[in-house]
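Enquirer: The following file, entry29.pdb, comprises PDB, C-alpha atoms, pLDDT in the B column:
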```pdb
ATOM      1  CA  MET A   1     -18.625  72.933  75.269  1.00 65.00           C
ATOM      2  CA  ASP A   2     -21.414  75.470  75.415  1.00 79.00           C
ATOM      3  CA  HIS A   3     -24.167  75.891  72.833  1.00 80.00           C
ATOM      4  CA  ASN A   4     -22.586  78.858  70.984  1.00 87.00           C
ATOM      5  CA  ASN A   5     -19.233  77.102  70.623  1.00 88.00           C
ATOM      6  CA  ARG A   6     -20.960  73.977  69.341  1.00 88.00           C
ATOM      7  CA  ILE A   7     -22.798  76.040  66.716  1.00 92.00           C
ATOM      8  CA  LEU A   8     -19.498  77.656  65.720  1.00 95.00           C
ATOM      9  CA  ALA A   9     -17.878  74.209  65.473  1.00 94.00           C
ATOM     10  CA  ARG A  10     -20.717  73.005  63.229  1.00 95.00           C
ATOM     11  CA  ILE A  11     -20.342  76.028  60.968  1.00 97.00           C
ATOM     12  CA  PHE A  12     -16.595  75.394  60.809  1.00 96.00           C
ATOM     13  CA  LEU A  13     -17.270  71.731  59.941  1.00 97.00           C
ATOM     14  CA  VAL A  14     -19.509  72.754  57.024  1.00 97.00           C
ATOM     15  CA  VAL A  15     -16.907  75.256  55.777  1.00 97.00           C
ATOM     16  CA  TYR A  16     -14.217  72.580  56.111  1.00 97.00           C
ATOM     17  CA  LEU A  17     -16.306  70.121  54.053  1.00 97.00           C
ATOM     18  CA  GLY A  18     -16.725  72.839  51.410  1.00 96.00           C
ATOM     19  CA  LEU A  19     -12.959  73.293  51.299  1.00 95.00           C
ATOM     20  CA  ILE A  20     -12.522  69.532  50.930  1.00 95.00           C
ATOM     21  CA  ALA A  21     -14.914  69.603  47.955  1.00 94.00           C
ATOM     22  CA  PHE A  22     -13.017  72.530  46.439  1.00 92.00           C
ATOM     23  CA  ALA A  23      -9.668  70.768  46.892  1.00 89.00           C
ATOM     24  CA  CYS A  24     -10.986  67.521  45.421  1.00 88.00           C
ATOM     25  CA  PHE A  25     -12.826  69.004  42.436  1.00 87.00           C
ATOM     26  CA  GLY A  26     -10.937  72.234  41.674  1.00 83.00           C
ATOM     27  CA  HIS A  27      -8.892  72.819  38.526  1.00 75.00           C
ATOM     28  CA  PHE A  28      -5.259  73.010  39.584  1.00 71.00           C
ATOM     29  CA  ASP A  29      -3.504  72.253  36.301  1.00 72.00           C
ATOM     30  CA  LYS A  30      -1.946  75.752  36.128  1.00 70.00           C
ATOM     31  CA  LEU A  31       0.149  75.211  39.267  1.00 62.00           C
ATOM     32  CA  PRO A  32       3.917  74.967  38.733  1.00 66.00           C
ATOM     33  CA  GLU A  33       5.444  71.500  38.569  1.00 71.00           C
ATOM     34  CA  MET A  34       7.187  70.348  41.728  1.00 69.00           C
ATOM     35  CA  ASN A  35       8.948  67.227  42.898  1.00 69.00           C
ATOM     36  CA  PRO A  36       6.095  64.685  43.072  1.00 72.00           C
ATOM     37  CA  TYR A  37       7.477  62.976  46.205  1.00 65.00           C
ATOM     38  CA  PHE A  38       7.890  63.958  49.841  1.00 69.00           C
ATOM     39  CA  LEU A  39      10.104  61.577  51.816  1.00 72.00           C
ATOM     40  CA  GLY A  40       9.483  58.942  49.165  1.00 72.00           C
ATOM     41  CA  ILE A  41       5.686  59.260  49.421  1.00 76.00           C
ATOM     42  CA  PRO A  42       3.708  60.734  46.513  1.00 77.00           C
ATOM     43  CA  LYS A  43       2.758  64.300  47.465  1.00 81.00           C
ATOM     44  CA  ASP A  44      -0.856  63.867  46.445  1.00 84.00           C
ATOM     45  CA  LYS A  45      -1.190  61.078  49.052  1.00 89.00           C
ATOM     46  CA  VAL A  46       0.363  63.359  51.689  1.00 89.00           C
ATOM     47  CA  VAL A  47      -2.133  66.072  50.732  1.00 88.00           C
ATOM     48  CA  HIS A  48      -5.023  63.613  51.018  1.00 92.00           C
ATOM     49  CA  PHE A  49      -3.773  62.508  54.436  1.00 95.00           C
ATOM     50  CA  ILE A  50      -3.525  66.108  55.649  1.00 94.00           C
ATOM     51  CA  MET A  51      -6.901  67.043  54.149  1.00 95.00           C
ATOM     52  CA  PHE A  52      -8.864  64.298  55.880  1.00 97.00           C
ATOM     53  CA  PHE A  53      -6.937  64.050  59.162  1.00 97.00           C
ATOM     54  CA  PRO A  54      -8.947  66.720  61.055  1.00 97.00           C
ATOM     55  CA  LEU A  55     -12.397  65.436  60.033  1.00 97.00           C
ATOM     56  CA  PRO A  56     -13.069  63.148  63.051  1.00 96.00           C
ATOM     57  CA  PHE A  57     -11.831  65.853  65.426  1.00 96.00           C
ATOM     58  CA  LEU A  58     -14.072  68.497  63.859  1.00 96.00           C
ATOM     59  CA  MET A  59     -17.032  66.116  64.034  1.00 95.00           C
ATOM     60  CA  TRP A  60     -16.262  65.499  67.694  1.00 93.00           C
ATOM     61  CA  LEU A  61     -16.120  69.241  68.404  1.00 92.00           C
ATOM     62  CA  ALA A  62     -19.441  69.731  66.647  1.00 92.00           C
ATOM     63  CA  PHE A  63     -21.221  66.801  68.329  1.00 87.00           C
ATOM     64  CA  ASP A  64     -19.286  65.919  71.531  1.00 78.00           C
ATOM     65  CA  LYS A  65     -22.385  66.508  73.641  1.00 71.00           C
ATOM     66  CA  TYR A  66     -23.527  62.995  72.750  1.00 62.00           C
ATOM     67  CA  THR A  67     -20.491  61.110  74.113  1.00 73.00           C
ATOM     68  CA  SER A  68     -21.034  60.874  77.854  1.00 77.00           C
ATOM     69  CA  LYS A  69     -20.085  57.188  78.257  1.00 83.00           C
ATOM     70  CA  THR A  70     -17.251  55.067  76.882  1.00 86.00           C
ATOM     71  CA  TRP A  71     -19.504  53.029  74.607  1.00 88.00           C
ATOM     72  CA  HIS A  72     -21.117  56.274  73.331  1.00 87.00           C
ATOM     73  CA  SER A  73     -17.629  57.490  72.462  1.00 90.00           C
ATOM     74  CA  LEU A  74     -16.815  54.262  70.669  1.00 92.00           C
ATOM     75  CA  LEU A  75     -20.052  54.325  68.658  1.00 92.00           C
ATOM     76  CA  PHE A  76     -19.578  58.004  67.861  1.00 92.00           C
ATOM     77  CA  ILE A  77     -16.015  57.604  66.659  1.00 94.00           C
ATOM     78  CA  ILE A  78     -16.912  54.562  64.536  1.00 95.00           C
ATOM     79  CA  GLY A  79     -19.782  56.566  63.025  1.00 95.00           C
ATOM     80  CA  ALA A  80     -17.526  59.566  62.404  1.00 95.00           C
ATOM     81  CA  PHE A  81     -14.903  57.355  60.767  1.00 97.00           C
ATOM     82  CA  LEU A  82     -17.473  55.617  58.547  1.00 97.00           C
ATOM     83  CA  THR A  83     -19.069  58.948  57.607  1.00 97.00           C
ATOM     84  CA  GLY A  84     -15.634  60.251  56.674  1.00 97.00           C
ATOM     85  CA  CYS A  85     -15.016  57.136  54.583  1.00 97.00           C
ATOM     86  CA  VAL A  86     -18.278  57.711  52.723  1.00 97.00           C
ATOM     87  CA  ILE A  87     -17.247  61.318  52.043  1.00 97.00           C
ATOM     88  CA  ALA A  88     -13.782  60.206  50.882  1.00 96.00           C
ATOM     89  CA  ALA A  89     -15.248  57.507  48.644  1.00 96.00           C
ATOM     90  CA  ALA A  90     -17.769  59.966  47.220  1.00 95.00           C
ATOM     91  CA  THR A  91     -14.992  62.393  46.307  1.00 94.00           C
ATOM     92  CA  GLU A  92     -13.090  59.643  44.502  1.00 92.00           C
ATOM     93  CA  VAL A  93     -16.191  58.469  42.641  1.00 93.00           C
ATOM     94  CA  GLY A  94     -17.021  62.087  41.797  1.00 90.00           C
ATOM     95  CA  GLN A  95     -13.505  62.646  40.489  1.00 90.00           C
ATOM     96  CA  TYR A  96     -13.880  59.589  38.276  1.00 87.00           C
ATOM     97  CA  TYR A  97     -16.801  61.246  36.484  1.00 86.00           C
ATOM     98  CA  THR A  98     -15.086  64.585  35.893  1.00 86.00           C
ATOM     99  CA  GLY A  99     -13.115  65.072  32.719  1.00 79.00           C
ATOM    100  CA  TYR A 100     -10.205  66.708  34.491  1.00 77.00           C
ATOM    101  CA  ARG A 101      -9.553  64.559  37.618  1.00 76.00           C
ATOM    102  CA  SER A 102      -8.974  60.872  38.138  1.00 78.00           C
ATOM    103  CA  ALA A 103     -10.039  58.496  40.878  1.00 81.00           C
ATOM    104  CA  ASP A 104      -7.359  56.636  42.798  1.00 85.00           C
ATOM    105  CA  SER A 105      -7.966  53.953  45.406  1.00 90.00           C
ATOM    106  CA  LEU A 106      -4.675  54.915  47.097  1.00 92.00           C
ATOM    107  CA  ASP A 107      -6.101  58.408  47.657  1.00 93.00           C
ATOM    108  CA  PHE A 108      -8.994  56.777  49.496  1.00 95.00           C
ATOM    109  CA  PHE A 109      -6.523  54.688  51.502  1.00 96.00           C
ATOM    110  CA  ALA A 110      -4.611  57.847  52.516  1.00 95.00           C
ATOM    111  CA  ASP A 111      -7.891  59.498  53.526  1.00 96.00           C
ATOM    112  CA  ALA A 112      -9.006  56.468  55.554  1.00 97.00           C
ATOM    113  CA  LEU A 113      -5.618  56.083  57.242  1.00 97.00           C
ATOM    114  CA  ALA A 114      -5.634  59.734  58.304  1.00 98.00           C
ATOM    115  CA  MET A 115      -9.160  59.456  59.686  1.00 98.00           C
ATOM    116  CA  ALA A 116      -8.357  56.194  61.486  1.00 98.00           C
ATOM    117  CA  ILE A 117      -5.375  57.749  63.264  1.00 98.00           C
ATOM    118  CA  CYS A 118      -7.320  60.890  64.158  1.00 97.00           C
ATOM    119  CA  SER A 119     -10.303  58.791  65.285  1.00 97.00           C
ATOM    120  CA  LEU A 120      -8.088  56.870  67.691  1.00 97.00           C
ATOM    121  CA  LEU A 121      -6.682  60.124  69.086  1.00 96.00           C
ATOM    122  CA  VAL A 122     -10.173  61.620  69.451  1.00 95.00           C
ATOM    123  CA  PHE A 123     -11.405  58.462  71.187  1.00 94.00           C
ATOM    124  CA  ILE A 124      -8.549  58.699  73.699  1.00 94.00           C
ATOM    125  CA  LEU A 125      -9.231  62.416  74.177  1.00 92.00           C
ATOM    126  CA  ASP A 126     -12.938  61.827  74.694  1.00 89.00           C
ATOM    127  CA  ILE A 127     -12.370  59.017  77.197  1.00 90.00           C
ATOM    128  CA  SER A 128      -9.962  61.207  79.165  1.00 88.00           C
ATOM    129  CA  LYS A 129     -12.513  64.052  79.100  1.00 84.00           C
ATOM    130  CA  GLN A 130     -15.107  61.758  80.657  1.00 77.00           C
ATOM    131  CA  LYS A 131     -12.896  60.910  83.655  1.00 74.00           C
TER     132      LYS A 131
END
```
Step by step, read the file and then write its structure as structure tokens.

Expert:
Amino acid sequence: MDHNNRILARIFLVVYLGLIAFACFGHFDKLPEMNPYFLGIPKDKVVHFIMFFPLPFLMWLAFDKYTSKTWHSLLFIIGAFLTGCVIAAATEVGQYYTGYRSADSLDFFADALAMAICSLLVFILDISKQK
């Protein structure tokens, strides 16, 4: 990826993180009521999964220059996953301290599961890119 595309990917990553913050801390109590389940899974967990799934991929696009060897890729993807977990945990802790949202450890689990799956896919993609 060339320098201009990497800068664009970093800008997109920052915008994406801003959207995550908006989704996690916005007031959405005026939305119409809907069925709270999708295929037997609470919809808010599905939303958390979808929200955090692209994070490792976006981090890889923004910083893939640093993954030229397999062990670099492994360290990078572990770092991206852990960084995502810190962000997910921070949103849950932040929601705990608002008067209008609640923290839920299952939300964090959905976030972490999404990032773990995406991290594995990005690791495979990065390894195949190196060959």

Enquirer: What residues come out when you apply the PyMOL selection byres ((chain A and resi 101) around 10) to this file, written as a ChimeraX atom specification?

Expert: /A:24-29,92,94-100,102-104

Enquirer: Report as a compact mmCIF listing (two decimals) with C-alpha atoms, in the frame of the given file the full result of the PyMOL selection byres ((chain A and resi 81) around 9) when it is applied to this structure.

Expert:
```txt
# COMPACT_ATOMS: atom_id res chain seq x y z
CA LEU A 55 -12.40 65.44 60.03
CA PRO A 56 -13.07 63.15 63.05
CA PHE A 76 -19.58 58.00 67.86
CA ILE A 77 -16.02 57.60 66.66
CA ILE A 78 -16.91 54.56 64.54
CA GLY A 79 -19.78 56.57 63.02
CA ALA A 80 -17.53 59.57 62.40
CA LEU A 82 -17.47 55.62 58.55
CA THR A 83 -19.07 58.95 57.61
CA GLY A 84 -15.63 60.25 56.67
CA CYS A 85 -15.02 57.14 54.58
CA VAL A 86 -18.28 57.71 52.72
CA ALA A 112 -9.01 56.47 55.55
CA MET A 115 -9.16 59.46 59.69
CA ALA A 116 -8.36 56.19 61.49
CA SER A 119 -10.30 58.79 65.28
```

Enquirer: Between A:Ala110, A:Thr91, A:Phe57, A:Ile127, which has the minimum distance to Phe12 of chain A (counting all atoms listed in the file)?

Expert: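 Closest residue, counting all atoms listed in the file: A:Phe57.
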
Enquirer: For Met51 of chain A, list every protein, DNA or RNA residue within 9 Å, evaluated using all atoms listed in the file, and leave out those in the same chain fewer than 6 positions away; present the list as a ChimeraX atom specification.

Expert: /A:20,23,111,114

Enquirer: Measuring atom to atom with all atoms listed in the file, identify which of A:Leu13, A:Leu39, A:Ile87, A:Leu125 is nearest to Phe63 of chain A.

Expert: A:Leu13

Enquirer: Counting only C-alpha atoms, which residues have an atom no more than 10 Å from (-22.5, 75.1, 72.6) in the file's coordinates? Please list them as a list of chain:residue names.

Expert: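 Looking at atoms near the point gives A:Met1, A:Asp2, A:His3, A:Asn4, A:Asn5, A:Arg6, A:Ile7, A:Leu8, A:Ala9, A:Arg10, A:Leu61, A:Ala62, A:Phe63, A:Asp64, A:Lys65.
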
Enquirer: Between atom CA of Ser73 of chain A and atom CA of Lys45 of chain A, what is the spacing in Å?

Expert: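 Separation of atom CA of Lys45 of chain A and atom CA of Ser73 of chain A: 28.8 Å.
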
Enquirer: Do a neighbour search on Thr70 of chain A at 9 Å with only C-alpha atoms, toss out local chain neighbours closer than 3 positions, and write the hits as a PyMOL selection string.

Expert: chain A and resi 67+73-75+123+126-127+130

Enquirer: In Å, rounded to a single decimal, give me how far atom CA of Leu113 of chain A is from atom CA of Lys43 of chain A.

Expert: 15.3 Å

Enquirer: Looking at A:Leu120, A:Leu106, A:Leu58, A:His72, which one is nearest to Ala89 of chain A, with distances taken over all atoms listed in the file?

Expert: A:Leu106

Enquirer: Please compute the atom CA of Val122 of chain A-atom CA of Trp60 of chain A distance, one decimal, in Å.

Expert: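 Interatomic distance, atom CA of Val122 of chain A to atom CA of Trp60 of chain A: 7.4 Å.
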
Enquirer: Can you sort out the box for segment 100-107 of chain A, edges along x, y and z, all listed atoms in, 4 Å on every side, with centre and edge lengths in Å to one decimal, as lines of an AutoDock Vina configuration file?

Expert:
```
center_x = -7.4
center_y = 60.3
center_z = 41.1
size_x = 13.5
size_y = 20.8
size_z = 21.2
```

Enquirer: For Phe108 of chain A, which of A:Ser128, A:Gly40, A:Lys69, A:Val47 is the closest residue, counting all atoms listed in the file?

Expert: A:Val47

Enquirer: With only C-alpha atoms as the atoms that count, which of A:Asp107, A:Phe53, A:Lys129, A:Val14 lies nearest to Val93 of chain A?

Expert: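 Closest to Val93 of chain A of all the choices is A:Asp107.
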